[in-house]
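Content type TSV, C-alpha atoms, from the file data34.tsv:
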```
chain	number	residue	atom	x	y	z
R	26	MET	CA	100.53	112.53	103.40
R	27	THR	CA	103.35	112.60	100.87
R	28	GLU	CA	102.71	110.51	97.76
R	29	PRO	CA	105.33	107.78	97.18
R	30	HIS	CA	107.96	108.23	94.51
R	31	LEU	CA	108.33	105.38	92.05
R	32	LEU	CA	111.36	106.92	90.34
R	33	GLU	CA	114.06	109.09	91.85
R	34	LEU	CA	117.03	110.55	89.99
R	35	ARG	CA	119.84	111.79	92.22
R	36	GLU	CA	122.12	114.20	90.38
R	37	ILE	CA	122.58	111.87	87.42
R	38	ALA	CA	124.98	112.82	84.65
R	39	ARG	CA	126.14	111.49	81.31
R	40	HIS	CA	129.23	112.97	79.69
R	41	PHE	CA	130.57	112.22	76.23
R	42	GLY	CA	134.12	113.44	76.57
R	43	SER	CA	133.86	117.09	77.51
R	44	PHE	CA	130.22	117.31	76.38
R	45	LYS	CA	127.74	117.10	79.25
R	46	ALA	CA	124.59	115.68	77.65
R	47	VAL	CA	122.96	115.31	81.08
R	48	ASP	CA	124.48	117.40	83.82
R	49	GLY	CA	123.46	116.62	87.39
R	50	VAL	CA	119.71	116.12	86.96
R	51	GLY	CA	117.65	115.50	90.09
R	52	LEU	CA	114.01	114.47	89.66
R	53	THR	CA	111.26	112.47	91.32
R	54	VAL	CA	108.26	110.85	89.65
R	55	ARG	CA	105.37	109.84	91.88
R	56	ALA	CA	103.65	106.50	91.50
R	57	GLY	CA	100.73	106.70	89.08
R	58	ALA	CA	101.86	109.99	87.52
R	59	ARG	CA	101.55	111.06	83.92
R	60	HIS	CA	104.83	112.96	83.84
R	61	ALA	CA	106.24	114.60	80.71
R	62	VAL	CA	109.77	115.82	79.98
R	63	ILE	CA	110.06	118.60	77.43
R	64	GLY	CA	112.79	120.89	76.17
R	65	PRO	CA	114.39	122.11	72.94
R	66	ASN	CA	116.47	119.82	70.75
R	67	GLY	CA	119.75	119.03	72.47
R	68	ALA	CA	118.32	119.47	75.96
R	69	GLY	CA	119.34	115.92	76.92
R	70	LYS	CA	115.88	114.35	77.10
R	71	SER	CA	116.56	111.16	75.14
R	72	THR	CA	119.90	110.70	76.88
R	73	LEU	CA	118.06	110.98	80.19
R	74	PHE	CA	115.69	108.21	79.10
R	75	GLY	CA	118.63	106.05	78.06
R	76	LEU	CA	120.05	106.41	81.56
R	77	ILE	CA	116.73	105.52	83.21
R	78	SER	CA	116.09	102.51	80.95
R	79	GLY	CA	119.67	101.26	81.22
R	80	THR	CA	120.66	101.53	77.56
R	81	LEU	CA	123.29	104.12	78.57
R	82	PRO	CA	125.56	103.99	81.62
R	83	VAL	CA	125.63	106.97	83.95
R	84	THR	CA	128.77	109.03	84.42
R	85	ALA	CA	127.67	110.04	87.91
R	86	GLY	CA	124.66	109.94	90.19
R	87	HIS	CA	122.09	107.34	91.17
R	88	ILE	CA	118.77	106.04	89.81
R	89	LEU	CA	116.25	104.55	92.24
R	90	VAL	CA	113.09	102.63	91.35
R	91	ASP	CA	110.73	102.22	94.29
R	92	GLY	CA	113.66	102.95	96.59
R	93	ARG	CA	115.99	100.39	95.00
R	94	ASP	CA	119.22	101.59	93.43
R	95	VAL	CA	119.19	100.34	89.82
R	96	THR	CA	122.04	102.53	88.57
R	97	ARG	CA	124.28	99.62	87.59
R	98	LEU	CA	121.59	97.13	86.61
R	99	SER	CA	121.18	95.88	83.03
R	100	VAL	CA	118.18	96.66	80.85
R	101	ASP	CA	116.78	93.16	81.43
R	102	ARG	CA	117.15	93.47	85.20
R	103	ARG	CA	115.27	96.75	85.07
R	104	VAL	CA	112.54	95.16	82.96
R	105	GLY	CA	112.24	92.55	85.67
R	106	LEU	CA	111.70	95.35	88.18
R	107	GLY	CA	108.92	96.84	86.07
R	108	VAL	CA	110.71	99.42	83.88
R	109	ALA	CA	109.72	99.32	80.19
R	110	ALA	CA	110.51	101.73	77.39
R	111	THR	CA	109.67	102.61	73.81
R	112	PHE	CA	112.18	104.66	71.86
R	113	GLN	CA	112.27	106.97	68.86
R	114	HIS	CA	113.77	104.20	66.73
R	115	SER	CA	111.69	101.05	66.61
R	116	SER	CA	113.05	97.90	68.25
R	117	LEU	CA	110.33	95.63	66.87
R	118	PHE	CA	111.06	92.31	65.16
R	119	LEU	CA	109.82	93.39	61.74
R	120	ARG	CA	109.71	89.91	60.20
R	121	GLU	CA	107.68	88.48	63.05
R	122	THR	CA	103.94	88.91	63.34
R	123	VAL	CA	102.31	91.50	65.53
R	124	LEU	CA	101.22	88.76	67.95
R	125	GLU	CA	104.69	87.22	68.06
R	126	ASN	CA	106.27	90.55	68.96
R	127	VAL	CA	104.01	90.76	72.01
R	128	LEU	CA	104.69	87.14	72.96
R	129	LEU	CA	108.45	87.68	72.70
R	130	ALA	CA	108.11	90.54	75.16
R	131	GLU	CA	106.23	88.27	77.56
R	132	LEU	CA	109.00	85.68	77.29
R	133	ARG	CA	111.57	88.37	78.02
R	134	ARG	CA	109.68	89.37	81.15
R	135	ALA	CA	109.59	85.76	82.30
R	136	GLY	CA	113.32	85.41	81.69
R	137	ASN	CA	112.83	82.72	79.03
R	138	ARG	CA	114.33	82.42	75.59
R	139	PRO	CA	112.28	81.58	72.50
R	140	GLY	CA	112.48	77.84	71.94
R	141	GLY	CA	111.05	75.07	69.83
R	142	ALA	CA	108.51	73.54	72.18
R	143	PRO	CA	105.55	71.77	70.54
R	144	GLY	CA	102.59	74.02	70.00
R	145	GLY	CA	104.74	77.13	69.57
R	146	LEU	CA	104.18	79.79	66.95
R	147	LEU	CA	106.34	79.69	63.86
R	148	GLY	CA	107.82	83.14	63.19
R	149	GLY	CA	109.91	84.43	60.32
R	150	ARG	CA	113.23	83.79	62.10
R	151	ARG	CA	112.34	81.93	65.26
R	152	LYS	CA	109.79	79.69	66.85
R	153	VAL	CA	108.00	81.37	69.73
R	154	SER	CA	106.76	78.96	72.37
R	155	ALA	CA	103.74	80.30	74.21
R	156	ARG	CA	101.12	78.93	76.55
R	157	PRO	CA	97.46	79.43	75.69
R	158	GLU	CA	97.04	81.92	78.53
R	159	SER	CA	99.97	83.97	77.19
R	160	ILE	CA	98.44	84.01	73.71
R	161	ALA	CA	95.10	85.11	75.18
R	162	ARG	CA	96.79	87.88	77.15
R	163	ALA	CA	98.66	89.04	74.03
R	164	HIS	CA	95.38	89.27	72.12
R	165	THR	CA	93.94	91.30	75.00
R	166	LEU	CA	96.85	93.73	74.80
R	167	LEU	CA	96.42	94.07	71.04
R	168	GLU	CA	92.75	94.83	71.64
R	169	ARG	CA	93.75	97.51	74.14
R	170	VAL	CA	96.06	99.26	71.68
R	171	GLY	CA	93.65	98.97	68.75
R	172	LEU	CA	95.38	96.24	66.73
R	173	PRO	CA	93.24	93.11	67.23
R	174	ALA	CA	92.67	92.57	63.51
R	175	ARG	CA	96.39	92.92	62.72
R	176	HIS	CA	97.67	90.11	64.95
R	177	ALA	CA	98.80	87.88	62.05
R	178	VAL	CA	100.45	90.66	60.01
R	179	ALA	CA	104.23	91.03	59.98
R	180	ALA	CA	105.26	94.03	62.07
R	181	GLY	CA	107.20	95.36	59.09
R	182	ALA	CA	103.95	95.70	57.13
R	183	LEU	CA	102.36	98.04	59.68
R	184	SER	CA	102.00	101.77	59.15
R	185	HIS	CA	104.15	104.09	61.25
R	186	GLY	CA	101.28	104.82	63.61
R	187	GLU	CA	100.44	101.13	63.98
R	188	ARG	CA	104.06	100.34	64.83
R	189	ARG	CA	103.87	102.88	67.64
R	190	GLN	CA	100.71	101.22	68.89
R	191	LEU	CA	102.43	97.83	68.77
R	192	GLU	CA	105.43	99.20	70.67
R	193	VAL	CA	103.10	100.19	73.49
R	194	ALA	CA	101.59	96.69	73.51
R	195	VAL	CA	105.08	95.17	73.58
R	196	ALA	CA	106.03	97.39	76.52
R	197	LEU	CA	102.80	96.55	78.38
R	198	ALA	CA	103.49	92.83	77.89
R	199	THR	CA	106.39	93.15	80.33
R	200	GLU	CA	103.89	94.27	83.02
R	201	PRO	CA	105.61	97.60	83.67
R	202	ARG	CA	105.17	99.74	86.73
R	203	LEU	CA	107.09	102.53	84.96
R	204	LEU	CA	106.53	103.06	81.22
R	205	LEU	CA	109.01	105.33	79.40
R	206	LEU	CA	107.78	106.75	76.09
R	207	ASP	CA	110.42	108.54	74.01
R	208	GLU	CA	108.67	110.83	71.50
R	209	PRO	CA	105.83	108.37	70.84
R	210	ALA	CA	104.08	110.73	68.38
R	211	ALA	CA	107.16	111.46	66.26
R	212	GLY	CA	106.32	111.25	62.55
R	213	MET	CA	102.63	110.68	63.14
R	214	SER	CA	99.74	112.34	61.37
R	215	PRO	CA	97.28	114.35	63.50
R	216	ALA	CA	94.79	111.47	63.37
R	217	GLU	CA	97.43	108.95	64.47
R	218	THR	CA	98.55	111.27	67.27
R	219	ALA	CA	94.97	111.60	68.47
R	220	ARG	CA	94.59	107.79	68.59
R	221	LEU	CA	97.88	107.41	70.45
R	222	THR	CA	96.90	110.13	72.94
R	223	GLU	CA	93.66	108.26	73.66
R	224	LEU	CA	95.62	105.03	74.10
R	225	ILE	CA	98.05	106.54	76.61
R	226	ALA	CA	95.25	108.30	78.49
R	227	ALA	CA	93.46	104.96	78.88
R	228	LEU	CA	96.43	103.12	80.41
R	229	PRO	CA	95.77	101.67	83.87
R	230	ALA	CA	96.40	103.97	86.82
R	231	GLU	CA	98.94	101.53	88.28
R	232	VAL	CA	101.22	102.16	85.30
R	233	THR	CA	103.30	105.28	85.88
R	234	VAL	CA	104.05	107.05	82.59
R	235	LEU	CA	107.11	109.20	81.90
R	236	LEU	CA	107.21	110.57	78.37
R	237	ILE	CA	109.29	112.81	76.16
R	238	GLU	CA	107.29	114.58	73.50
R	239	HIS	CA	107.70	117.59	71.22
R	240	ASP	CA	103.97	117.81	70.52
R	241	LEU	CA	103.03	120.22	73.30
R	242	ASP	CA	99.30	119.84	72.69
R	243	MET	CA	99.70	116.15	73.44
R	244	VAL	CA	101.87	116.87	76.49
R	245	PHE	CA	99.45	119.34	78.03
R	246	GLU	CA	96.50	117.05	77.36
R	247	LEU	CA	98.09	113.99	78.96
R	248	ALA	CA	100.48	115.17	81.66
R	249	ASP	CA	99.68	116.06	85.24
R	250	THR	CA	103.33	117.04	85.81
R	251	VAL	CA	105.82	118.55	83.36
R	252	THR	CA	109.60	118.78	83.68
R	253	VAL	CA	111.54	121.13	81.44
R	254	MET	CA	115.18	120.44	80.55
R	255	HIS	CA	117.60	122.90	78.99
R	256	LEU	CA	121.22	122.30	78.00
R	257	GLY	CA	121.36	119.02	79.89
R	258	ARG	CA	120.03	120.46	83.12
R	259	HIS	CA	116.74	120.39	84.97
R	260	LEU	CA	115.12	123.80	84.49
R	261	THR	CA	111.81	123.44	86.30
R	262	THR	CA	109.04	121.01	87.21
R	263	GLY	CA	105.40	121.90	87.78
R	264	SER	CA	101.84	121.47	86.65
R	265	PRO	CA	101.04	122.11	82.97
R	266	ASP	CA	99.59	125.53	83.91
R	267	GLU	CA	102.68	126.46	85.93
R	268	VAL	CA	104.98	125.46	83.08
R	269	ARG	CA	102.90	127.39	80.54
R	270	ALA	CA	103.10	130.50	82.71
R	271	SER	CA	106.83	130.26	83.46
R	272	VAL	CA	108.83	133.11	81.97
R	273	GLU	CA	112.07	131.09	82.06
R	274	VAL	CA	110.38	128.22	80.22
R	275	GLN	CA	109.02	130.56	77.58
R	276	SER	CA	112.51	131.96	77.14
R	277	ALA	CA	114.34	128.63	77.10
R	278	TYR	CA	111.85	126.47	75.26
R	279	LEU	CA	108.34	127.55	74.41
R	280	GLY	CA	109.50	130.83	72.94
R	281	THR	CA	112.08	128.97	70.87
R	282	GLU	CA	109.39	126.67	69.51
R	283	ALA	CA	107.12	129.57	68.65
R	284	ALA	CA	109.91	131.32	66.80
R	285	SER	CA	111.00	128.27	64.78
```
How would this structure read if it were set down as structure tokens?
Amino acid sequence: MTEPHLLELREIARHFGSFKAVDGVGLTVRAGARHAVIGPNGAGKSTLFGLISGTLPVTAGHILVDGRDVTRLSVDRRVGLGVAATFQHSSLFLRETVLENVLLAELRRAGNRPGGAPGGLLGGRRKVSARPESIARAHTLLERVGLPARHAVAAGALSHGERRQLEVAVALATEPRLLLLDEPAAGMSPAETARLTELIAALPAEVTVLLIEHDLDMVFELADTVTVMHLGRHLTTGSPDEVRASVEVQSAYLGTEAAS
């Protein structure tokens, strides 16, 4: 029996003038997968994630989530369908507390705007209204990502590694079915990377993970499927062992890394 695909990319492309950042990429990601996208700098990986998340419009092609065409949907509409993302550049509210960042994500999922209802939480720039059950759930998420003791700290006071952990909690607060992680270990120390790897490995099976990462040790530890991109195109997809053994991958990517 064929496993269902949660994400399907049908020849998607993104052109910036004459430059083809993503050039006709076709790809499927099965439900429950731990799927990594790798490739040398300039391969089009982050642009691909922008297309999937909705932060960039496609030039051509179609994006389907659980069989539904989301190509023209906004970021918020995609969040509502279970697509969440963390990016290389943090999108946290740095003046708000760690807990408030998670609660704001929950409000976004519910389609609400932060308001001034009695009993809300006073943040640095806004008042975040939250029900007791939402606050309890936010604390549970912070426990999951290893930040329970930091709930009252401003996000801007966190270390780089802690911000990455918080970004995962914020993404999980939207109850994603598909979690996109764009270079989650970038700038991390080995110890921070190890903690993040454990965190991602422990995510529930119902959350499908698609990640971009330059740390190949992390990729091969986490991923059950690896896609390699090169010059904006899909080069190959296979198991970690198949990708390691591929001569064309070694030529296009792994060999380049080893030589740099």
Fewer than 3 positions away in the same chain doesn't count, so skip those; otherwise give me all residues within 12 Å of stretch 159-170 of chain R, counting only C-alpha atoms, as a PyMOL selection string. chain R and resi 122-132+134-135+144-146+153-156+173-177+186-200+220-229
Do a neighbour search on stretch 81-86 of chain R at 8 Å with only C-alpha atoms, toss out local chain neighbours closer than 6 positions, and write the hits as a ChimeraX atom specification. /R:34-40,49,72,75,96-97
Residues of stretch 205-274 of chain R that approach stretch 62-67 of chain R to 9 Å or less, counting only C-alpha atoms: could you list each one with the shortest pair of atoms and its distance in Å to one decimal, rows by chain and increasing residue number, as JSON lines?
```
{"residue": "R:Leu235", "atom": "CA", "partner": "R:Val62", "partner_atom": "CA", "distance": 7.4}
{"residue": "R:Leu236", "atom": "CA", "partner": "R:Val62", "partner_atom": "CA", "distance": 6.1}
{"residue": "R:Ile237", "atom": "CA", "partner": "R:Val62", "partner_atom": "CA", "distance": 4.9}
{"residue": "R:Glu238", "atom": "CA", "partner": "R:Ile63", "partner_atom": "CA", "distance": 6.3}
{"residue": "R:His239", "atom": "CA", "partner": "R:Ile63", "partner_atom": "CA", "distance": 6.7}
{"residue": "R:Leu241", "atom": "CA", "partner": "R:Ile63", "partner_atom": "CA", "distance": 8.3}
{"residue": "R:Val244", "atom": "CA", "partner": "R:Ile63", "partner_atom": "CA", "distance": 8.4}
{"residue": "R:Thr250", "atom": "CA", "partner": "R:Val62", "partner_atom": "CA", "distance": 8.8}
{"residue": "R:Val251", "atom": "CA", "partner": "R:Val62", "partner_atom": "CA", "distance": 5.9}
{"residue": "R:Thr252", "atom": "CA", "partner": "R:Val62", "partner_atom": "CA", "distance": 4.7}
{"residue": "R:Val253", "atom": "CA", "partner": "R:Ile63", "partner_atom": "CA", "distance": 5.0}
{"residue": "R:Met254", "atom": "CA", "partner": "R:Gly64", "partner_atom": "CA", "distance": 5.0}
{"residue": "R:His255", "atom": "CA", "partner": "R:Gly64", "partner_atom": "CA", "distance": 5.9}
{"residue": "R:Leu256", "atom": "CA", "partner": "R:Gly67", "partner_atom": "CA", "distance": 6.6}
{"residue": "R:Gly257", "atom": "CA", "partner": "R:Gly67", "partner_atom": "CA", "distance": 7.6}
{"residue": "R:Thr262", "atom": "CA", "partner": "R:Val62", "partner_atom": "CA", "distance": 8.9}
{"residue": "R:Val274", "atom": "CA", "partner": "R:Gly64", "partner_atom": "CA", "distance": 8.7}
```
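Considering the residues R:Val90, R:Ala61, R:Leu203, R:Leu183 and counting all atoms listed in the file, R:Met243 has its shortest atom-to-atom contact with R:Ala61.
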Do a neighbour search on R:Thr233 at 6 Å with only C-alpha atoms, toss out local chain neighbours closer than 5 positions, and write the hits as a ChimeraX atom specification. /R:56-58,202-203
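Between atom CA of R:Phe41 and atom CA of R:Leu106 the separation is 28.0 Å.
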Please determine, counting all atoms listed in the file, which residue among R:Arg59, R:Lys70, R:Lys45, R:Arg103 has the shortest atom-to-atom distance to R:Leu247. R:Arg59
Ranking R:Leu32, R:Arg269, R:Val234, R:Pro157 by minimum distance to R:Asp94 and counting only C-alpha atoms, which one comes first? R:Leu32
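Relative to atom CA of R:His185, atom CA of R:Ala219 is found at 13.9 Å.
Of the residues listed (R:Ala270, R:Ala277, R:Val54, R:Ala230), R:Ala277 shows the shortest atom-to-atom separation from R:Arg258; distances use only C-alpha atoms.
The space between atom CA of R:Leu117 and atom CA of R:Gly105 spans 19.1 Å.
Checking R:Ile77, R:Leu206, R:Ala182, R:Leu98 one by one against R:Leu119, counting only C-alpha atoms, you find the shortest gap at R:Ala182.
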Can you pull out the residues contacting R:Pro201? Cut-off 7 Å, using only C-alpha atoms, and skip same-chain residues under 4 positions away; I want them as a PyMOL selection string. chain R and resi 107-109+197+232
With 5 Å added on each side, what axis-aligned box encloses every listed atom of stretch 156-164 of chain R? Give the centre and edge lengths in Å to one decimal, as JSON.
```
{"center_x": 98.1, "center_y": 84.1, "center_z": 75.3, "size_x": 16.0, "size_y": 20.3, "size_z": 16.4}
```
